[in-house]
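Student: You'll find query.csv just under this line, and it carries CSV, C-alpha atoms.
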```
chain,number,residue,atom,x,y,z
A,256,MET,CA,142.0,-127.4,65.8
A,257,PRO,CA,144.3,-130.2,67.1
A,258,SER,CA,147.0,-127.7,68.0
A,259,GLN,CA,145.0,-125.8,70.6
A,260,PRO,CA,144.7,-128.6,73.1
A,261,ALA,CA,148.4,-129.3,72.7
A,262,HIS,CA,149.2,-125.6,73.2
A,263,ALA,CA,147.0,-125.5,76.3
A,264,ARG,CA,148.7,-128.6,77.7
A,265,SER,CA,152.1,-127.0,77.1
A,266,ALA,CA,151.0,-123.8,78.8
A,267,ARG,CA,149.7,-125.7,81.8
A,268,ARG,CA,152.9,-127.7,82.1
A,269,GLY,CA,155.0,-124.5,81.8
A,270,TRP,CA,153.1,-122.9,84.7
A,271,ALA,CA,153.3,-126.2,86.7
A,272,GLY,CA,157.1,-126.0,86.3
A,273,VAL,CA,157.0,-122.4,87.4
A,274,ALA,CA,155.1,-123.5,90.5
A,275,ALA,CA,157.7,-126.2,91.2
A,276,ILE,CA,160.5,-123.6,90.9
A,277,THR,CA,158.6,-121.3,93.3
A,278,ALA,CA,158.3,-124.1,95.8
A,279,SER,CA,162.1,-124.6,95.4
A,280,LEU,CA,162.7,-121.0,96.3
A,281,PHE,CA,160.5,-121.4,99.3
A,282,VAL,CA,162.4,-124.4,100.7
A,283,PHE,CA,165.8,-122.9,99.9
A,284,LEU,CA,165.0,-119.5,101.6
A,285,THR,CA,163.3,-121.1,104.5
A,286,THR,CA,166.2,-123.4,105.1
A,287,GLU,CA,168.5,-120.3,105.0
A,288,LEU,CA,166.5,-118.2,107.5
A,289,MET,CA,164.8,-120.8,109.7
A,290,PRO,CA,167.6,-121.0,112.2
A,291,VAL,CA,166.9,-117.4,113.1
A,292,GLY,CA,163.9,-118.7,115.1
A,293,LEU,CA,165.8,-121.8,116.4
A,294,LEU,CA,169.0,-120.2,117.8
A,295,THR,CA,168.1,-120.7,121.4
A,296,PRO,CA,167.2,-124.4,121.4
A,297,VAL,CA,170.1,-125.1,119.0
A,298,SER,CA,172.6,-123.3,121.2
A,299,SER,CA,171.2,-125.1,124.3
A,300,SER,CA,171.3,-128.5,122.7
A,301,LEU,CA,174.8,-128.2,121.3
A,302,HIS,CA,176.2,-126.3,124.2
A,303,ILE,CA,177.3,-123.1,122.3
A,304,SER,CA,176.4,-119.5,122.7
A,305,VAL,CA,173.5,-117.9,120.8
A,306,GLY,CA,175.9,-115.7,119.0
A,307,VAL,CA,177.9,-118.7,117.8
A,308,ALA,CA,174.7,-120.5,116.7
A,309,GLY,CA,174.0,-117.4,114.5
A,310,LEU,CA,176.9,-118.6,112.3
A,311,MET,CA,174.4,-121.1,110.9
A,312,VAL,CA,172.8,-118.1,109.0
A,313,THR,CA,175.9,-116.1,108.4
A,314,LEU,CA,178.0,-118.9,106.9
A,315,TYR,CA,175.1,-120.1,104.7
A,316,GLY,CA,174.7,-116.6,103.3
A,317,VAL,CA,178.4,-116.0,102.7
A,318,SER,CA,178.8,-119.3,100.8
A,319,ALA,CA,175.6,-118.6,98.8
A,320,GLY,CA,177.2,-115.3,97.6
A,321,LEU,CA,180.9,-115.9,97.1
A,322,GLY,CA,180.8,-119.3,95.5
A,323,VAL,CA,178.0,-118.9,93.0
A,324,PRO,CA,179.8,-117.4,90.0
A,325,PHE,CA,182.3,-120.2,89.9
A,326,ILE,CA,179.8,-123.0,90.4
A,327,VAL,CA,177.4,-121.7,87.7
A,328,ALA,CA,180.3,-121.4,85.3
A,329,TRP,CA,181.7,-124.8,86.1
A,330,THR,CA,178.2,-126.4,85.5
A,331,ARG,CA,177.5,-124.3,82.3
A,332,ARG,CA,177.0,-127.5,80.2
A,333,VAL,CA,174.7,-129.2,82.7
A,334,ASN,CA,171.0,-129.4,81.9
A,335,ARG,CA,169.2,-127.0,84.2
A,336,ARG,CA,166.5,-129.4,85.3
A,337,VAL,CA,169.3,-131.9,86.3
A,338,LEU,CA,171.2,-129.2,88.1
A,339,LEU,CA,168.2,-127.9,90.0
A,340,SER,CA,167.4,-131.5,91.0
A,341,ALA,CA,171.0,-132.0,92.2
A,342,LEU,CA,170.7,-128.8,94.3
A,343,LEU,CA,167.5,-130.1,95.9
A,344,VAL,CA,169.2,-133.4,96.7
A,345,ILE,CA,171.9,-131.4,98.5
A,346,LEU,CA,169.2,-129.5,100.4
A,347,THR,CA,167.3,-132.6,101.3
A,348,LEU,CA,170.4,-134.4,102.6
A,349,GLY,CA,171.8,-131.3,104.2
A,350,ASN,CA,168.6,-130.7,106.3
A,351,CYS,CA,168.7,-134.4,107.3
A,352,VAL,CA,172.4,-134.3,108.3
A,353,THR,CA,171.7,-131.0,110.3
A,354,ALA,CA,168.9,-132.8,112.2
A,355,LEU,CA,171.2,-135.7,113.1
A,356,ALA,CA,174.5,-133.9,113.6
A,357,PRO,CA,176.1,-134.6,117.0
A,358,THR,CA,178.4,-131.6,116.9
A,359,PHE,CA,178.1,-127.9,115.8
A,360,PRO,CA,181.2,-128.1,113.5
A,361,LEU,CA,179.3,-130.7,111.4
A,362,VAL,CA,176.2,-128.5,111.4
A,363,LEU,CA,178.3,-125.5,110.1
A,364,THR,CA,180.0,-127.6,107.4
A,365,THR,CA,176.7,-128.9,106.2
A,366,ARG,CA,175.2,-125.4,106.2
A,367,LEU,CA,178.3,-124.2,104.2
A,368,VAL,CA,177.6,-126.8,101.5
A,369,MET,CA,173.9,-126.0,101.4
A,370,GLY,CA,174.7,-122.3,101.0
A,371,PHE,CA,176.6,-123.1,97.8
A,372,ALA,CA,173.6,-124.9,96.5
A,373,SER,CA,171.3,-122.1,97.5
A,374,GLY,CA,173.4,-119.5,95.7
A,375,VAL,CA,173.4,-121.5,92.5
A,376,PHE,CA,169.6,-121.8,92.7
A,377,TRP,CA,169.3,-118.0,92.9
A,378,ALA,CA,171.4,-117.7,89.8
A,379,ILE,CA,169.4,-120.2,87.7
A,380,GLY,CA,165.9,-120.4,89.2
A,381,VAL,CA,164.3,-117.3,87.8
A,382,SER,CA,165.8,-117.7,84.4
A,383,MET,CA,164.5,-121.3,84.3
A,384,ALA,CA,161.0,-120.1,85.1
A,385,MET,CA,161.0,-117.4,82.5
A,386,ARG,CA,162.0,-119.9,79.8
A,387,LEU,CA,159.1,-122.2,80.6
A,388,VAL,CA,156.3,-119.7,79.6
A,389,PRO,CA,155.7,-117.6,76.5
A,390,GLU,CA,158.0,-114.6,76.1
A,391,ARG,CA,155.2,-112.1,76.8
A,392,GLN,CA,154.6,-113.8,80.2
A,393,ALA,CA,158.3,-114.1,81.3
A,394,SER,CA,158.1,-111.2,83.7
A,395,ARG,CA,155.0,-112.6,85.3
A,396,ALA,CA,156.7,-116.0,85.8
A,397,ALA,CA,159.6,-114.2,87.5
A,398,ALA,CA,157.1,-112.4,89.7
A,399,VAL,CA,155.5,-115.7,90.7
A,400,VAL,CA,158.9,-117.3,91.6
A,401,MET,CA,160.0,-114.2,93.5
A,402,SER,CA,156.7,-114.4,95.5
A,403,GLY,CA,158.3,-117.5,97.2
A,404,ILE,CA,160.3,-114.9,99.2
A,405,SER,CA,157.2,-113.4,100.7
A,406,ILE,CA,155.7,-116.9,101.3
A,407,ALA,CA,158.8,-117.9,103.2
A,408,ALA,CA,158.6,-114.8,105.3
A,409,VAL,CA,154.9,-115.1,106.0
A,410,VAL,CA,154.6,-118.9,106.4
A,411,GLY,CA,157.9,-120.7,106.3
A,412,ILE,CA,159.9,-119.0,109.2
A,413,PRO,CA,157.0,-118.8,111.6
A,414,LEU,CA,156.0,-122.4,110.8
A,415,GLY,CA,159.5,-123.5,111.5
A,416,THR,CA,159.3,-121.9,114.9
A,417,VAL,CA,155.9,-123.5,115.7
A,418,LEU,CA,157.2,-126.9,114.6
A,419,GLU,CA,160.2,-126.5,116.9
A,420,SER,CA,157.9,-125.7,119.8
A,421,LEU,CA,155.9,-128.9,119.1
A,422,THR,CA,158.6,-131.3,118.1
A,423,GLY,CA,162.1,-129.9,118.8
A,424,TRP,CA,164.7,-128.3,116.5
A,425,ARG,CA,166.0,-131.6,115.1
A,426,ALA,CA,162.6,-132.9,114.1
A,427,THR,CA,161.9,-129.5,112.5
A,428,PHE,CA,165.0,-130.0,110.2
A,429,LEU,CA,163.9,-133.6,109.5
A,430,ILE,CA,160.4,-132.3,108.4
A,431,TRP,CA,162.1,-129.7,106.2
A,432,SER,CA,164.2,-132.5,104.7
A,433,GLY,CA,161.0,-134.3,103.8
A,434,LEU,CA,159.5,-131.2,102.3
A,435,SER,CA,162.6,-130.6,100.2
A,436,ALA,CA,162.3,-134.2,98.9
A,437,LEU,CA,158.7,-133.5,97.9
A,438,VAL,CA,159.8,-130.4,96.0
A,439,LEU,CA,162.5,-132.4,94.3
A,440,LEU,CA,159.8,-134.8,93.1
A,441,ALA,CA,157.7,-131.9,91.9
A,442,VAL,CA,160.7,-130.5,89.9
A,443,ALA,CA,161.5,-133.9,88.4
A,444,THR,CA,157.8,-134.3,87.3
A,445,ALA,CA,156.8,-130.8,86.3
A,446,VAL,CA,160.0,-129.1,84.9
A,447,PRO,CA,160.9,-130.2,81.3
A,448,SER,CA,164.4,-130.6,80.1
A,449,LEU,CA,166.2,-127.2,79.9
A,450,PRO,CA,169.6,-127.3,78.3
A,451,SER,CA,171.9,-124.6,79.5
A,452,ALA,CA,171.3,-121.6,77.3
A,453,ASN,CA,173.8,-118.8,78.0
A,454,ALA,CA,176.3,-119.7,80.8
A,455,VAL,CA,179.9,-118.6,80.2
A,456,PRO,CA,183.3,-119.8,81.5
A,457,VAL,CA,184.6,-118.5,84.9
A,458,ARG,CA,187.3,-116.3,83.2
A,459,GLU,CA,184.5,-114.4,81.3
A,460,VAL,CA,182.1,-114.0,84.2
A,461,PHE,CA,184.1,-111.4,86.2
A,462,VAL,CA,184.9,-109.4,83.0
A,463,LEU,CA,181.2,-108.8,82.3
A,464,PRO,CA,180.8,-105.7,84.4
A,465,PHE,CA,183.9,-104.1,82.9
A,466,LYS,CA,182.6,-104.7,79.3
A,467,ASN,CA,178.9,-104.1,80.0
A,468,VAL,CA,178.1,-100.6,81.4
A,469,PRO,CA,174.4,-101.2,81.9
A,470,LEU,CA,175.2,-104.3,83.9
A,471,ARG,CA,177.7,-102.4,86.0
A,472,LEU,CA,175.2,-99.8,86.8
A,473,VAL,CA,172.5,-102.4,87.7
A,474,LEU,CA,175.0,-104.1,90.1
A,475,GLY,CA,175.7,-100.7,91.7
A,476,THR,CA,172.1,-100.0,92.3
A,477,VAL,CA,171.6,-103.5,93.7
A,478,VAL,CA,174.5,-103.1,96.2
A,479,LEU,CA,173.2,-99.8,97.4
A,480,PHE,CA,169.6,-100.7,98.0
A,481,VAL,CA,170.4,-104.1,99.5
A,482,LEU,CA,172.9,-102.5,101.9
A,483,GLY,CA,170.3,-99.9,102.9
A,484,HIS,CA,167.3,-102.3,103.1
A,485,PHE,CA,168.9,-105.2,105.0
A,486,GLY,CA,171.0,-102.9,107.2
A,487,ALA,CA,167.7,-101.4,108.4
A,488,TYR,CA,165.5,-104.5,108.2
A,489,THR,CA,167.9,-106.6,110.3
A,490,PHE,CA,167.3,-104.3,113.2
A,491,VAL,CA,163.6,-103.5,112.7
A,492,ARG,CA,162.6,-105.6,115.8
A,493,PRO,CA,164.8,-103.7,118.2
A,494,PHE,CA,163.7,-100.4,116.6
A,495,LEU,CA,160.0,-101.2,117.2
A,496,GLU,CA,160.7,-102.5,120.7
A,497,ALA,CA,162.6,-99.2,121.5
A,498,SER,CA,160.1,-96.9,119.8
A,499,THR,CA,156.7,-98.5,120.6
A,500,SER,CA,157.5,-100.9,123.4
A,501,ALA,CA,156.1,-103.5,121.0
A,502,ALA,CA,155.4,-107.0,122.3
A,503,PRO,CA,156.9,-110.0,120.4
A,504,ALA,CA,153.4,-111.0,119.2
A,505,PHE,CA,152.8,-107.5,117.6
A,506,ILE,CA,156.2,-107.6,115.9
A,507,THR,CA,155.5,-111.1,114.5
A,508,VAL,CA,152.2,-109.8,113.1
A,509,VAL,CA,153.8,-106.7,111.7
A,510,LEU,CA,156.5,-108.7,109.9
A,511,MET,CA,154.0,-111.1,108.5
A,512,ILE,CA,152.1,-108.0,107.2
A,513,TYR,CA,155.4,-106.9,105.7
A,514,GLY,CA,155.7,-110.2,103.9
A,515,VAL,CA,152.2,-109.9,102.5
A,516,GLY,CA,153.1,-106.5,101.3
A,517,GLY,CA,156.1,-108.0,99.5
A,518,ALA,CA,153.9,-110.5,97.7
A,519,ILE,CA,151.6,-107.6,96.6
A,520,GLY,CA,154.6,-105.7,95.4
A,521,ASN,CA,155.8,-108.7,93.4
A,522,PHE,CA,152.3,-109.0,91.8
A,523,VAL,CA,152.1,-105.4,90.9
A,524,ALA,CA,155.6,-105.3,89.4
A,525,GLY,CA,154.8,-108.4,87.4
A,526,HIS,CA,152.3,-106.3,85.5
A,527,THR,CA,154.3,-103.0,85.3
A,528,VAL,CA,157.8,-104.0,84.4
A,529,ASN,CA,157.0,-104.7,80.7
A,530,ARG,CA,155.4,-101.2,80.5
A,531,SER,CA,158.2,-99.4,82.2
A,532,LEU,CA,161.0,-101.4,83.9
A,533,ARG,CA,163.0,-98.3,84.8
A,534,GLY,CA,159.9,-96.4,86.0
A,535,SER,CA,158.8,-99.4,88.2
A,536,PHE,CA,162.2,-99.6,89.8
A,537,ILE,CA,162.3,-95.8,90.5
A,538,ALA,CA,158.8,-96.0,92.0
A,539,GLY,CA,159.8,-99.0,94.2
A,540,CYS,CA,163.1,-97.4,95.3
A,541,ALA,CA,161.3,-94.2,96.1
A,542,GLY,CA,158.8,-96.2,98.2
A,543,LEU,CA,161.7,-97.7,100.2
A,544,VAL,CA,163.0,-94.3,101.0
A,545,LEU,CA,159.5,-93.0,102.0
A,546,SER,CA,158.7,-96.0,104.0
A,547,LEU,CA,161.9,-95.7,106.1
A,548,LEU,CA,161.2,-92.0,106.6
A,549,ALA,CA,157.6,-92.8,107.6
A,550,LEU,CA,159.0,-95.3,110.1
A,551,LEU,CA,161.2,-92.6,111.6
A,552,ALA,CA,158.3,-90.1,111.7
A,553,ALA,CA,155.4,-92.3,112.8
A,554,GLY,CA,157.1,-95.5,114.0
A,555,HIS,CA,156.5,-94.6,117.6
A,556,THR,CA,152.8,-95.6,117.2
A,557,GLN,CA,151.5,-99.0,116.3
A,558,ALA,CA,149.4,-97.7,113.5
A,559,GLY,CA,152.3,-95.7,112.1
A,560,SER,CA,154.7,-98.7,112.2
A,561,ILE,CA,152.2,-100.9,110.5
A,562,ALA,CA,151.6,-98.4,107.7
A,563,ALA,CA,155.4,-97.9,107.2
A,564,LEU,CA,156.0,-101.7,107.1
A,565,VAL,CA,153.3,-102.2,104.6
A,566,LEU,CA,154.7,-99.6,102.3
A,567,TRP,CA,158.2,-101.0,102.9
A,568,GLY,CA,157.1,-104.5,102.0
A,569,VAL,CA,155.3,-103.5,98.8
A,570,SER,CA,158.2,-101.3,97.7
A,571,PHE,CA,160.7,-104.1,98.4
A,572,GLY,CA,158.6,-106.5,96.4
A,573,VAL,CA,158.7,-104.1,93.5
A,574,VAL,CA,162.4,-103.5,93.5
A,575,GLN,CA,163.2,-107.1,94.1
A,576,LEU,CA,161.5,-108.2,90.9
A,577,CYS,CA,162.7,-105.1,89.0
A,578,GLN,CA,166.4,-105.8,89.7
A,579,VAL,CA,166.1,-109.3,88.3
A,580,ASN,CA,164.6,-108.0,85.1
A,581,MET,CA,167.1,-105.1,85.0
A,582,THR,CA,169.9,-107.7,85.2
A,583,GLN,CA,168.5,-109.7,82.4
A,584,ALA,CA,167.8,-106.6,80.3
A,585,ALA,CA,171.4,-105.5,80.7
A,586,ALA,CA,172.9,-108.9,79.8
A,587,PRO,CA,170.3,-110.9,77.8
A,588,ASP,CA,172.9,-113.1,76.2
A,589,THR,CA,174.7,-114.0,79.5
A,590,PHE,CA,171.8,-113.9,81.9
A,591,GLU,CA,172.9,-116.8,84.2
A,592,ALA,CA,176.5,-115.4,84.5
A,593,ALA,CA,175.0,-111.9,85.2
A,594,MET,CA,172.6,-113.4,87.8
A,595,SER,CA,175.5,-115.2,89.4
A,596,LEU,CA,177.3,-111.8,89.9
A,597,ASN,CA,174.0,-110.3,91.1
A,598,THR,CA,173.7,-113.1,93.6
A,599,MET,CA,177.2,-112.6,94.8
A,600,ALA,CA,176.7,-108.8,95.2
A,601,TYR,CA,173.3,-109.3,96.8
A,602,ASN,CA,174.3,-111.8,99.4
A,603,THR,CA,177.6,-110.1,100.2
A,604,SER,CA,175.7,-106.8,100.6
A,605,ILE,CA,173.3,-108.5,103.0
A,606,ALA,CA,176.2,-109.5,105.2
A,607,ILE,CA,177.9,-106.2,105.0
A,608,GLY,CA,174.7,-104.3,105.5
A,609,ALA,CA,173.9,-106.2,108.7
A,610,LEU,CA,177.5,-105.7,109.9
A,611,ILE,CA,177.4,-102.0,109.4
A,612,GLY,CA,173.9,-101.8,110.8
A,613,GLY,CA,175.1,-103.5,113.9
A,614,LEU,CA,178.0,-101.0,114.3
A,615,PHE,CA,175.5,-98.1,114.0
A,616,ALA,CA,173.1,-99.7,116.4
A,617,ASP,CA,175.8,-100.4,119.0
A,618,HIS,CA,177.4,-97.0,118.9
A,619,LEU,CA,174.6,-94.6,117.8
A,620,GLY,CA,171.4,-96.4,118.6
A,621,VAL,CA,168.9,-98.3,116.5
A,622,THR,CA,167.4,-95.2,115.0
A,623,SER,CA,170.6,-94.4,113.3
A,624,VAL,CA,170.3,-97.8,111.5
A,625,VAL,CA,167.1,-96.6,109.9
A,626,TRP,CA,168.8,-93.4,108.8
A,627,PHE,CA,171.5,-95.5,107.3
A,628,GLY,CA,168.8,-97.3,105.3
A,629,VAL,CA,167.4,-94.0,104.1
A,630,ALA,CA,170.8,-92.8,102.9
A,631,LEU,CA,171.7,-96.0,101.0
A,632,THR,CA,168.3,-96.6,99.4
A,633,ALA,CA,168.2,-92.9,98.4
A,634,ALA,CA,171.7,-93.3,96.9
A,635,SER,CA,170.4,-96.2,94.8
A,636,LEU,CA,167.5,-94.1,93.6
A,637,LEU,CA,169.8,-91.2,92.7
A,638,LEU,CA,172.1,-93.5,90.8
A,639,THR,CA,169.3,-94.7,88.7
A,640,LEU,CA,167.9,-91.2,88.1
A,641,GLY,CA,171.4,-89.9,87.4
A,642,THR,CA,172.3,-92.5,84.8
A,643,GLY,CA,169.3,-91.9,82.6
A,644,ARG,CA,168.0,-95.0,80.9
A,645,ARG,CA,171.3,-96.9,80.6
A,646,ALA,CA,170.8,-98.9,83.8
A,647,ALA,CA,167.3,-100.2,83.2
A,648,THR,CA,166.5,-100.1,79.5
A,649,PRO,CA,166.1,-103.5,77.9
A,650,ARG,CA,168.6,-104.1,75.1
A,651,VAL,CA,166.1,-106.5,73.4
A,652,PRO,CA,162.6,-105.8,72.2
A,653,ASP,CA,159.8,-105.7,74.8
A,654,GLY,CA,158.5,-109.1,75.6
A,655,GLU,CA,161.8,-110.8,74.6
A,656,LEU,CA,163.5,-110.6,78.0
A,657,VAL,CA,164.6,-114.2,77.8
A,658,SER,CA,165.6,-116.3,74.9
A,659,GLN,CA,163.4,-119.4,74.7
```
Go through the file and emit its structure as structure tokens.
Tutor:
Amino acid sequence: MPSQPAHARSARRGWAGVAAITASLFVFLTTELMPVGLLTPVSSSLHISVGVAGLMVTLYGVSAGLGVPFIVAWTRRVNRRVLLSALLVILTLGNCVTALAPTFPLVLTTRLVMGFASGVFWAIGVSMAMRLVPERQASRAAAVVMSGISIAAVVGIPLGTVLESLTGWRATFLIWSGLSALVLLAVATAVPSLPSANAVPVREVFVLPFKNVPLRLVLGTVVLFVLGHFGAYTFVRPFLEASTSAAPAFITVVLMIYGVGGAIGNFVAGHTVNRSLRGSFIAGCAGLVLSLLALLAAGHTQAGSIAALVLWGVSFGVVQLCQVNMTQAAAPDTFEAAMSLNTMAYNTSIAIGALIGGLFADHLGVTSVVWFGVALTAASLLLTLGTGRRAATPRVPDGELVSQ
């Protein structure tokens, strides 16, 4: 039986590659969000306001969304392992330059470039992981990679804050530069050569939603639930402070519990999407609506807010994984191009959701932001229910979500 050991070694290497891609997501997302906990020391050190320092997050997210369809298309002939390695080089150097930058304009310029790299990773990372394992395990590989989001929320961002308190914000970015270099080494070692499989030219990318009705419906549901989720989640801290007089320590614990819930949701969805992709998304989206309603009803108590945030985290973990699989199911032959549009819609919706949420919070109070979240996530659920099976039914046989 000489083939069995070889098969086992191939499977182990495939999952090692998935782990390396998951680590990549962790460092990309943590780099994006870490400044949230460092705004005060950065603003003090560079002599700018906290609001201006917040552009470190905003500009990164905008470039991650708007540039990705073009860059993915322009690099459509580049081996995906080579491309991911190049993105990690940009991340490593970017964190290093951020740590050493003498002026804030240089910091912003660096963050802009890193944002482009992050957006390209979101477009190619999941599809790379799904190609490394047998077809029947593709959804589970996607779930593992997406768990990097929860890991970053639970470990990465708080760790960055702790490191800053011990070493300073510049040293924190230097440490993250070193960590990015280690992940780069892991990718170069564990991820095999992956020739580009289904990228398309720029001129064809933006035509896809017009030609592909299921993809158009998926992008619509994504925009709606991302607007609702992030519009509300951006202001969850002031909501809890206003409704429960919660201390910062309690809020930190609750948000970490939320992150754990997200990891659980990813794990659950990894086992359910192959049985019923549409049903999994509907259940997760319904959970988002119910969790926000629960927060409104019982968020004035600590126990009620914890229960609501747990359900919120689990539900978001489910819909987060489902929407990736729905995108692939809608456009199996042009997955990377479809994911680049997904990434653009997703990141743009985050920025718009936070902006609209801020307007609601300033003019109608933070409770209105949660109602905004209820309305938009409910709209996403209704769109899925109202369009039958077109928005989430795979166009390829079960277990063949990704061409190998």
Student: Extract, using all atoms listed in the file, all DNA, RNA and protein residues at most 6 Å from stretch 325-332 of chain A, discarding same-chain residues fewer than 6 positions from it, and format them as a list in words.
Tutor: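 Neighbouring residues, sequence-local ones excluded: Ser451, Ala454, Val455, Pro456 and Val457 of chain A.
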Student: From the list A:Val323, A:Ile345, A:Leu367, A:Val297, which residue is nearest A:Thr416 when using all atoms listed in the file?
Tutor: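 Distance minimum relative to A:Thr416 lands on A:Val297.
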Student: Compile the contact shell of A:Val352 as a PyMOL selection string: residues with an atom at most 8 Å away, counting only C-alpha atoms, same-chain residues fewer than 4 positions apart removed.
Tutor: chain A and resi 348+356+362+365
Student: Quick one: write out the picked residues with C-alpha atoms as a compact mmCIF listing (two decimals), in the coordinates of the input?
Tutor:
```txt
# COMPACT_ATOMS: atom_id res chain seq x y z
CA LEU A 348 170.40 -134.40 102.60
CA ALA A 356 174.50 -133.90 113.60
CA VAL A 362 176.20 -128.50 111.40
CA THR A 365 176.70 -128.90 106.20
```
Student: Determine, counting only C-alpha atoms, which protein, DNA and RNA residues have an atom within 7 Å of an atom of stretch 531-548 of chain A; residues of the same chain fewer than 6 positions away are not included. Present the result as a list in words.
Tutor: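 In the requested format, the answer is Ala524, Ala563, Leu566, Trp567, Ser570, Phe571, Val573, Val574, Cys577, Val625, Val629, Thr632, Ala633, Leu636, Ala647 and Thr648 of chain A.
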Student: Atom CA of A:Val344 and atom CA of A:Asn602 are how many Å apart?
Tutor: 22.4 Å
Student: At most 12 Å from (162.7, -127.6, 112.6), file frame, only C-alpha atoms: which residues, as a compact mmCIF listing (two decimals) with C-alpha atoms, in the coordinates of the input?
Tutor:
```
# COMPACT_ATOMS: atom_id res chain seq x y z
CA THR A 285 163.30 -121.10 104.50
CA THR A 286 166.20 -123.40 105.10
CA LEU A 288 166.50 -118.20 107.50
CA MET A 289 164.80 -120.80 109.70
CA PRO A 290 167.60 -121.00 112.20
CA VAL A 291 166.90 -117.40 113.10
CA GLY A 292 163.90 -118.70 115.10
CA LEU A 293 165.80 -121.80 116.40
CA LEU A 294 169.00 -120.20 117.80
CA PRO A 296 167.20 -124.40 121.40
CA VAL A 297 170.10 -125.10 119.00
CA ASN A 350 168.60 -130.70 106.30
CA CYS A 351 168.70 -134.40 107.30
CA THR A 353 171.70 -131.00 110.30
CA ALA A 354 168.90 -132.80 112.20
CA LEU A 355 171.20 -135.70 113.10
CA GLY A 411 157.90 -120.70 106.30
CA ILE A 412 159.90 -119.00 109.20
CA PRO A 413 157.00 -118.80 111.60
CA LEU A 414 156.00 -122.40 110.80
CA GLY A 415 159.50 -123.50 111.50
CA THR A 416 159.30 -121.90 114.90
CA VAL A 417 155.90 -123.50 115.70
CA LEU A 418 157.20 -126.90 114.60
CA GLU A 419 160.20 -126.50 116.90
CA SER A 420 157.90 -125.70 119.80
CA LEU A 421 155.90 -128.90 119.10
CA THR A 422 158.60 -131.30 118.10
CA GLY A 423 162.10 -129.90 118.80
CA TRP A 424 164.70 -128.30 116.50
CA ARG A 425 166.00 -131.60 115.10
CA ALA A 426 162.60 -132.90 114.10
CA THR A 427 161.90 -129.50 112.50
CA PHE A 428 165.00 -130.00 110.20
CA LEU A 429 163.90 -133.60 109.50
CA ILE A 430 160.40 -132.30 108.40
CA TRP A 431 162.10 -129.70 106.20
CA SER A 432 164.20 -132.50 104.70
CA GLY A 433 161.00 -134.30 103.80
CA LEU A 434 159.50 -131.20 102.30
```
Student: Have a look at A:Ser373, A:Asn529, A:Thr476, A:Gln557 and name the one nearest to A:Val509; count all atoms listed in the file.
Tutor: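 That would be A:Gln557, the residue with the smallest distance to A:Val509.
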Student: Hey, which of A:Thr556, A:Ser304, A:Thr347, A:Ser298 ends up closest to A:Ala497? Count all atoms listed in the file.
Tutor: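 Between A:Thr556, A:Ser304, A:Thr347, A:Ser298, the residue approaching A:Ala497 most closely is A:Thr556.
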Student: I want to know what sits within 8 Å of A:Asn521, based on all atoms listed in the file, with residues of the same chain fewer than 3 positions away left out; could you give that as a PyMOL selection string?
Tutor: chain A and resi 398-399+401-402+517-518+524-525+569+572-573+575-576
Student: Restricted to C-alpha atoms, what would the selected residues look like written as a PDB file, keeping the file's coordinate frame?
Tutor:
```
ATOM      1  CA  ALA A 398     157.100-112.400  89.700  1.00  0.00           C
ATOM      2  CA  VAL A 399     155.500-115.700  90.700  1.00  0.00           C
ATOM      3  CA  MET A 401     160.000-114.200  93.500  1.00  0.00           C
ATOM      4  CA  SER A 402     156.700-114.400  95.500  1.00  0.00           C
ATOM      5  CA  GLY A 517     156.100-108.000  99.500  1.00  0.00           C
ATOM      6  CA  ALA A 518     153.900-110.500  97.700  1.00  0.00           C
ATOM      7  CA  ALA A 524     155.600-105.300  89.400  1.00  0.00           C
ATOM      8  CA  GLY A 525     154.800-108.400  87.400  1.00  0.00           C
ATOM      9  CA  VAL A 569     155.300-103.500  98.800  1.00  0.00           C
ATOM     10  CA  GLY A 572     158.600-106.500  96.400  1.00  0.00           C
ATOM     11  CA  VAL A 573     158.700-104.100  93.500  1.00  0.00           C
ATOM     12  CA  GLN A 575     163.200-107.100  94.100  1.00  0.00           C
ATOM     13  CA  LEU A 576     161.500-108.200  90.900  1.00  0.00           C
TER      14      LEU A 576
END
```
Student: Counting only C-alpha atoms, figure out which residue out of A:Phe590, A:Trp626, A:Tyr601, A:Phe522 gets nearest to A:Gly316.
Tutor: A:Tyr601
Student: Taking only C-alpha atoms into account, name the residue in A:Gln578, A:Ser318, A:Thr358, A:Thr277 that is nearest to A:Val375.
Tutor: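 Of the candidates, the smallest distance to A:Val375 is held by A:Ser318.
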Student: Please fill the gaps in stretch 337-341 of chain A so it has N, CA and C atoms, and write that as a tab-separated table (two decimals), keeping the file's coordinate frame.
Tutor:
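This went into part_9.tsv:
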```
chain	number	residue	atom	x	y	z
A	337	VAL	N	168.40	-130.97	85.53
A	337	VAL	CA	169.30	-131.90	86.30
A	337	VAL	C	170.02	-131.15	87.36
A	338	LEU	N	170.50	-129.93	87.06
A	338	LEU	CA	171.20	-129.20	88.10
A	338	LEU	C	170.33	-128.79	89.22
A	339	LEU	N	169.11	-128.31	88.94
A	339	LEU	CA	168.20	-127.90	90.00
A	339	LEU	C	167.85	-129.18	90.87
A	340	SER	N	167.67	-130.32	90.23
A	340	SER	CA	167.40	-131.50	91.00
A	340	SER	C	168.55	-131.89	91.90
A	341	ALA	N	169.78	-131.72	91.40
A	341	ALA	CA	171.00	-132.00	92.20
A	341	ALA	C	171.03	-131.05	93.42
```
